[in-house]
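Text of work-v6.cif (mmCIF, C-alpha atoms) as supplied:
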data_start
#
loop_
_atom_site.label_atom_id
_atom_site.label_comp_id
_atom_site.auth_asym_id
_atom_site.auth_seq_id
_atom_site.Cartn_x
_atom_site.Cartn_y
_atom_site.Cartn_z
CA MET A 24 -200.27 129.06 -12.03
CA LYS A 25 -202.10 131.78 -13.92
CA LYS A 26 -203.28 133.36 -10.66
CA THR A 27 -199.72 133.36 -9.34
CA TYR A 28 -198.50 135.06 -12.52
CA ILE A 29 -201.20 137.71 -12.22
CA THR A 30 -200.33 138.29 -8.57
CA ILE A 31 -196.68 138.80 -9.46
CA LEU A 32 -197.63 141.26 -12.21
CA LYS A 33 -199.83 143.20 -9.79
CA SER A 34 -197.00 143.35 -7.23
CA LEU A 35 -194.57 144.60 -9.87
CA ALA A 36 -197.09 147.21 -11.00
CA ILE A 37 -197.52 148.45 -7.43
CA ILE A 38 -193.75 148.73 -7.00
CA VAL A 39 -193.44 150.67 -10.25
CA ILE A 40 -196.24 153.04 -9.23
CA ILE A 41 -194.76 153.65 -5.77
CA THR A 42 -191.33 154.28 -7.26
CA PHE A 43 -192.81 156.65 -9.83
CA ILE A 44 -194.72 158.60 -7.18
CA ALA A 45 -191.61 158.85 -4.99
CA SER A 46 -189.56 160.02 -7.96
CA CYS A 47 -192.12 162.66 -8.91
CA LYS A 48 -192.25 163.91 -5.33
CA GLN A 49 -188.47 164.23 -5.18
CA GLU A 50 -188.33 166.05 -8.52
CA THR A 51 -190.72 168.72 -7.24
CA THR A 52 -189.48 169.00 -3.64
CA PRO A 53 -186.86 171.76 -3.32
CA THR A 54 -183.34 170.52 -2.63
CA GLN A 55 -183.12 172.71 0.47
CA THR A 56 -186.16 170.93 1.91
CA GLN A 57 -184.81 167.49 1.05
CA MET A 58 -181.52 168.32 2.79
CA GLN A 59 -183.14 169.16 6.12
CA GLY A 60 -182.69 166.69 8.94
CA ILE A 61 -180.00 164.65 10.69
CA TRP A 62 -177.43 162.95 8.46
CA GLN A 63 -174.62 160.56 9.34
CA VAL A 64 -171.65 160.26 7.02
CA THR A 65 -171.11 156.65 5.93
CA SER A 66 -168.06 157.18 3.73
CA VAL A 67 -165.56 159.84 2.68
CA HIS A 68 -163.41 159.31 -0.40
CA ASP A 69 -160.43 161.52 -1.23
CA ASP A 70 -160.80 161.76 -5.01
CA ASP A 71 -157.32 163.27 -5.48
CA ARG A 72 -155.65 160.24 -3.92
CA ASP A 73 -158.31 157.63 -4.68
CA THR A 74 -158.40 156.73 -1.00
CA ASP A 75 -161.16 156.02 1.51
CA ILE A 76 -160.41 158.31 4.45
CA THR A 77 -163.54 157.71 6.54
CA SER A 78 -161.73 156.17 9.49
CA ARG A 79 -159.21 159.03 9.55
CA VAL A 80 -161.75 161.81 9.97
CA GLU A 81 -164.24 160.28 12.40
CA PHE A 82 -163.92 161.73 15.93
CA PRO A 83 -165.86 159.63 16.88
CA VAL A 84 -168.43 159.96 14.08
CA ILE A 85 -169.26 162.47 11.31
CA ALA A 86 -172.80 163.77 11.49
CA PHE A 87 -174.68 166.87 10.37
CA SER A 88 -177.86 168.58 11.47
CA LEU A 89 -179.20 170.68 8.59
CA MET A 90 -182.01 173.00 9.64
CA SER A 91 -184.77 174.84 7.80
CA ASP A 92 -183.11 178.22 8.49
CA ASN A 93 -179.91 176.97 6.77
CA THR A 94 -178.07 176.46 10.06
CA VAL A 95 -175.55 173.61 10.27
CA LEU A 96 -174.43 171.82 13.42
CA SER A 97 -171.91 169.03 12.97
CA THR A 98 -169.07 166.89 14.20
CA ALA A 99 -167.28 167.55 10.91
CA GLY A 100 -164.39 169.67 12.21
CA PRO A 101 -161.74 166.99 11.55
CA LEU A 102 -163.22 166.27 8.11
CA PHE A 103 -162.98 169.92 7.08
CA MET A 104 -159.48 170.18 8.56
CA TYR A 105 -158.53 167.38 6.16
CA ILE A 106 -160.32 168.95 3.19
CA VAL A 107 -158.85 172.42 3.75
CA TYR A 108 -155.29 171.60 4.78
CA GLY A 109 -154.70 168.39 2.85
CA ASN A 110 -153.36 164.96 3.56
CA SER A 111 -149.71 165.66 4.42
CA GLU A 112 -150.52 168.50 6.80
CA TYR A 113 -153.35 166.54 8.38
CA VAL A 114 -150.97 163.72 9.30
CA GLN A 115 -148.95 166.15 11.39
CA ILE A 116 -151.90 167.17 13.54
CA ALA A 117 -154.08 164.04 13.60
CA SER A 118 -152.67 162.84 16.91
CA ASP A 119 -153.91 166.03 18.60
CA MET A 120 -157.24 166.17 16.78
CA ASP A 121 -159.39 164.32 19.31
CA GLU A 122 -158.19 166.66 22.07
CA VAL A 123 -159.38 169.71 20.15
CA PHE A 124 -162.57 168.34 18.61
CA ASN A 125 -163.95 166.65 21.69
CA TYR A 126 -167.51 166.06 20.53
CA THR A 127 -168.26 163.71 23.42
CA GLN A 128 -168.85 166.94 25.37
CA LEU A 129 -171.77 167.51 22.97
CA SER A 130 -170.40 170.80 21.66
CA PHE A 131 -170.62 171.02 17.90
CA ASN A 132 -169.15 173.00 15.02
CA GLY A 133 -171.55 175.51 13.52
CA GLY A 134 -172.05 176.79 10.01
CA GLU A 135 -174.58 177.47 7.27
CA PHE A 136 -175.61 176.01 3.96
CA PHE A 137 -177.05 177.91 1.02
CA VAL A 138 -179.21 176.47 -1.76
CA ALA A 139 -181.01 178.08 -4.70
CA GLY A 140 -184.76 177.56 -4.99
CA GLY A 141 -186.16 174.44 -6.61
CA VAL A 142 -184.27 171.25 -7.37
CA VAL A 143 -180.58 171.95 -7.95
CA SER A 144 -177.35 170.00 -8.33
CA ARG A 145 -175.00 172.43 -6.54
CA PHE A 146 -175.02 174.20 -3.17
CA THR A 147 -172.70 176.15 -0.86
CA ILE A 148 -171.62 175.19 2.63
CA GLU A 149 -169.75 177.33 5.15
CA MET A 150 -168.22 175.66 8.20
CA LYS A 151 -167.02 177.61 11.20
CA LEU A 152 -163.85 175.85 12.29
CA GLU A 153 -163.06 176.31 15.95
CA GLY A 154 -161.33 174.22 18.55
CA LEU A 155 -163.63 172.52 21.04
CA PRO A 156 -163.97 172.85 23.95
CA GLY A 157 -161.10 175.40 24.08
CA GLN A 158 -161.00 177.54 20.93
CA GLU A 159 -157.38 178.50 21.50
CA ALA A 160 -156.37 174.88 20.87
CA LEU A 161 -157.16 175.35 17.18
CA THR A 162 -154.35 177.87 16.88
CA ASP A 163 -151.97 175.21 18.20
CA LEU A 164 -153.02 172.89 15.38
CA LEU A 165 -152.60 175.63 12.81
CA SER A 166 -149.15 176.37 14.17
CA LEU A 167 -148.20 172.71 13.67
CA ILE A 168 -149.25 173.02 10.03
CA GLY A 169 -146.90 175.96 9.65
CA ILE A 170 -149.34 178.86 9.35
CA ASP A 171 -147.63 182.17 10.07
CA SER A 172 -148.50 183.72 13.43
CA GLN A 173 -150.10 186.78 11.79
CA TRP A 174 -152.83 184.52 10.41
CA LEU A 175 -153.58 182.59 13.59
CA ASN A 176 -157.24 183.07 14.50
CA VAL A 177 -159.40 180.95 16.73
CA VAL A 178 -162.43 181.01 14.41
CA ILE A 179 -162.18 180.65 10.64
CA TYR A 180 -165.15 180.45 8.27
CA HIS A 181 -164.42 178.01 5.44
CA LYS A 182 -166.87 178.44 2.56
CA PHE A 183 -167.09 175.95 -0.30
CA ILE A 184 -169.11 177.18 -3.27
CA ASN A 185 -170.71 174.90 -5.89
CA VAL A 186 -170.48 171.63 -4.01
CA GLY A 187 -172.17 168.90 -6.03
CA ILE A 188 -175.23 167.27 -4.47
CA THR A 189 -177.40 164.27 -5.36
CA ILE A 190 -180.21 162.78 -3.29
CA ASP A 191 -181.51 159.30 -4.07
CA PRO A 192 -185.24 158.78 -4.84
CA THR A 193 -185.97 157.54 -1.31
CA GLY A 194 -184.60 160.76 0.18
CA GLN A 195 -182.56 158.70 2.61
CA GLN A 196 -179.11 158.99 1.02
CA MET A 197 -177.30 162.14 -0.05
CA THR A 198 -173.93 162.58 -1.75
CA TRP A 199 -171.79 165.71 -1.68
CA THR A 200 -168.96 166.16 -4.17
CA ILE A 201 -166.18 168.71 -3.75
CA ASP A 202 -164.66 168.75 -7.22
CA ASN A 203 -163.16 170.92 -9.97
CA GLN A 204 -166.29 173.10 -10.07
CA THR A 205 -166.01 173.86 -6.37
CA THR A 206 -164.26 177.02 -5.20
CA ALA A 207 -163.33 178.12 -1.70
CA THR A 208 -163.03 181.30 0.33
CA TYR A 209 -161.84 181.60 3.93
CA ASN A 210 -162.80 184.44 6.28
CA THR A 211 -162.67 185.63 9.84
CA LYS A 212 -164.91 188.34 11.31
CA ASP A 213 -164.07 191.74 12.75
CA GLN A 214 -165.47 193.28 15.93
CA TYR A 215 -168.62 194.27 14.03
CA GLY A 216 -169.27 190.82 12.62
CA ASN A 217 -168.15 191.75 9.10
CA TYR A 218 -166.25 189.19 7.03
CA VAL A 219 -162.51 189.76 6.71
CA LEU A 220 -160.65 187.74 4.10
CA TRP A 221 -158.29 185.23 5.72
CA ASN A 222 -155.17 184.60 3.64
CA GLY A 223 -153.46 182.18 5.96
CA TRP A 224 -153.83 179.22 3.60
CA PRO A 225 -154.16 178.95 -0.22
CA VAL A 226 -157.78 178.55 -1.25
CA ASN A 227 -156.85 176.33 -4.21
CA ASN A 228 -155.20 173.61 -2.13
CA PHE A 229 -158.29 171.88 -0.75
CA SER A 230 -158.85 168.17 -1.30
CA HIS A 231 -161.49 166.93 -3.73
CA CYS A 232 -163.77 164.54 -1.86
CA THR A 233 -166.95 162.52 -2.23
CA ILE A 234 -169.01 162.41 0.96
CA VAL A 235 -171.93 159.98 1.33
CA LEU A 236 -174.52 160.69 4.02
CA GLN A 237 -177.39 158.58 5.33
CA LYS A 238 -180.46 160.14 6.90
CA SER A 239 -180.92 159.30 10.57
CA ALA A 240 -183.92 159.19 12.88
CA SER A 241 -181.63 159.91 15.85
CA THR A 242 -180.66 163.31 17.18
CA LEU A 243 -177.12 164.63 16.81
CA ASN A 244 -176.55 164.06 20.53
CA GLN A 245 -177.78 160.46 20.32
CA ILE A 246 -175.49 159.68 17.37
CA VAL A 247 -172.43 160.99 19.19
CA GLN A 248 -173.33 159.23 22.45
CA SER A 249 -173.85 155.93 20.64
CA HIS A 250 -170.33 156.15 19.17
CA SER A 251 -168.55 157.39 22.29
#
Output the file's structure in the form of structure tokens.
Amino acid sequence: MKKTYITILKSLAIIVIITFIASCKQETTPTQTQMQGIWQVTSVHDDDRDTDITSRVEFPVIAFSLMSDNTVLSTAGPLFMYIVYGNSEYVQIASDMDEVFNYTQLSFNGGEFFVAGGVVSRFTIEMKLEGLPGQEALTDLLSLIGIDSQWLNVVIYHKFINVGITIDPTGQQMTWTIDNQTTATYNTKDQYGNYVLWNGWPVNNFSHCTIVLQKSASTLNQIVQSHS
């Protein structure tokens, strides 16, 4: 009995040590490094409406590839359409969403993410929203929302600044929070690649959301193919 008790204590001690080492490693590993990899979204919660919207924004799955050079590739076009344009407007265009964001063709939305050095609790993400495979189809969706023709552009860069981020001690789960501290700016680009402010939609109307992501050993292509 005594030996069993000692064995249990040793096992508990090992678990505590491993957890402590993992925690120390996470505390010293820069957030940008921890974010790198392939992530699949497991849940999306609209905090304004207290509603789980995961099933409404999966076409067919939400996944991100976050690279060391801050590049983003994703199937998150429908998710960001919801965040930017809101619930009521999204309902109007949802039936046409899968036609525009046809990720089964393995063409993804691009973007970038920006993180300060060290371990931080906020970051910035910019998603390039474009219709796939035909970019002009995005303008059709924007027209359905009621955006004036002068603002119709096939590529819009949606930047969200100060998005909350937490990563669990295992490094396998990450949570993004778009909340009251988050601000937005929307741009297009001119013929020289310079940003031009896009005023086609109010930047204060975006939905507050909590997005939970799980790290994946699969590639972005494999995740999409497995859900097609």
So how far away is CA of Ser144 (chain A) from CA of Ile190 (chain A), in Å?
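Separating CA of Ile190 (chain A) from CA of Ser144 (chain A) is a distance of 9.3 Å.
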Expressed in Å to a single decimal, how great is the separation between CA of Asp121 (chain A) and CA of Val67 (chain A)?
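According to the coordinates, CA of Asp121 (chain A) and CA of Val67 (chain A) are separated by 18.3 Å.
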Ground truth for the PyMOL selection byres ((chain A and resi 120) around 10), written as number ranges by chain
A: 80, 82, 100-101, 104, 113, 115-119, 121-125, 154-155, 160-161, 164
Find the residues with any atom within 12 Å of (-171.0, 175.7, -1.0); use all atoms listed in the file and the coordinates as given in the file, and write the answer as a ChimeraX atom specification.
/A:93,134-139,144-150,180-188,199-202,204-209
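The space between CA of Thr242 (chain A) and CA of Thr98 (chain A) spans 12.5 Å.
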Test item: the PyMOL selection byres ((chain A and resi 251) around 7) resolved as a list in words
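Listing what the PyMOL selection byres ((chain A and resi 251) around 7) selects in the shown file: Pro83, Thr127, Val247, Gln248, Ser249 and His250 of chain A.
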Between A:Asp71, A:Val64, A:Asn210, A:Asn222, which residue has the minimum interatomic distance to Asp171 (chain A), considering all atoms listed in the file?
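Closest to Asp171 (chain A), using all atoms listed in the file: A:Asn222.
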Excluding Phe131 (chain A) and residues on its chain fewer than 2 positions from it, collect all residues at most 7 Å away from it, counting all atoms listed in the file, and give them as a PyMOL selection string.
chain A and resi 96-98+126+129+133
Quick one: of A:Gln57, A:Tyr215, A:Asp191, A:Leu175, who's nearest to Asp163 (chain A), counting all atoms listed in the file?
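Distance minimum relative to Asp163 (chain A) lands on A:Leu175.
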I'd like the neighbourhood of Gly223 (chain A) as a JSON list (two decimals) with C-alpha atoms, in the coordinates of the input, where a residue qualifies if any of its atoms comes within 12 Å (using all atoms listed in the file), though same-chain residues fewer than 3 positions away should be ignored.
[["chain", "number", "residue", "atom", "x", "y", "z"],
["A", 107, "VAL", "CA", -158.85, 172.42, 3.75],
["A", 108, "TYR", "CA", -155.29, 171.60, 4.78],
["A", 162, "THR", "CA", -154.35, 177.87, 16.88],
["A", 165, "LEU", "CA", -152.60, 175.63, 12.81],
["A", 166, "SER", "CA", -149.15, 176.37, 14.17],
["A", 168, "ILE", "CA", -149.25, 173.02, 10.03],
["A", 169, "GLY", "CA", -146.90, 175.96, 9.65],
["A", 170, "ILE", "CA", -149.34, 178.86, 9.35],
["A", 171, "ASP", "CA", -147.63, 182.17, 10.07],
["A", 172, "SER", "CA", -148.50, 183.72, 13.43],
["A", 173, "GLN", "CA", -150.10, 186.78, 11.79],
["A", 174, "TRP", "CA", -152.83, 184.52, 10.41],
["A", 175, "LEU", "CA", -153.58, 182.59, 13.59],
["A", 176, "ASN", "CA", -157.24, 183.07, 14.50],
["A", 179, "ILE", "CA", -162.18, 180.65, 10.64],
["A", 181, "HIS", "CA", -164.42, 178.01, 5.44],
["A", 208, "THR", "CA", -163.03, 181.30, 0.33],
["A", 209, "TYR", "CA", -161.84, 181.60, 3.93],
["A", 210, "ASN", "CA", -162.80, 184.44, 6.28],
["A", 211, "THR", "CA", -162.67, 185.63, 9.84],
["A", 219, "VAL", "CA", -162.51, 189.76, 6.71],
["A", 220, "LEU", "CA", -160.65, 187.74, 4.10],
["A", 226, "VAL", "CA", -157.78, 178.55, -1.25],
["A", 228, "ASN", "CA", -155.20, 173.61, -2.13]]
Exactly which residues make up the result of the PyMOL selection byres ((chain A and resi 54) around 8) on this file, given as a PyMOL selection string?
chain A and resi 52-53+55-58+138+140-143
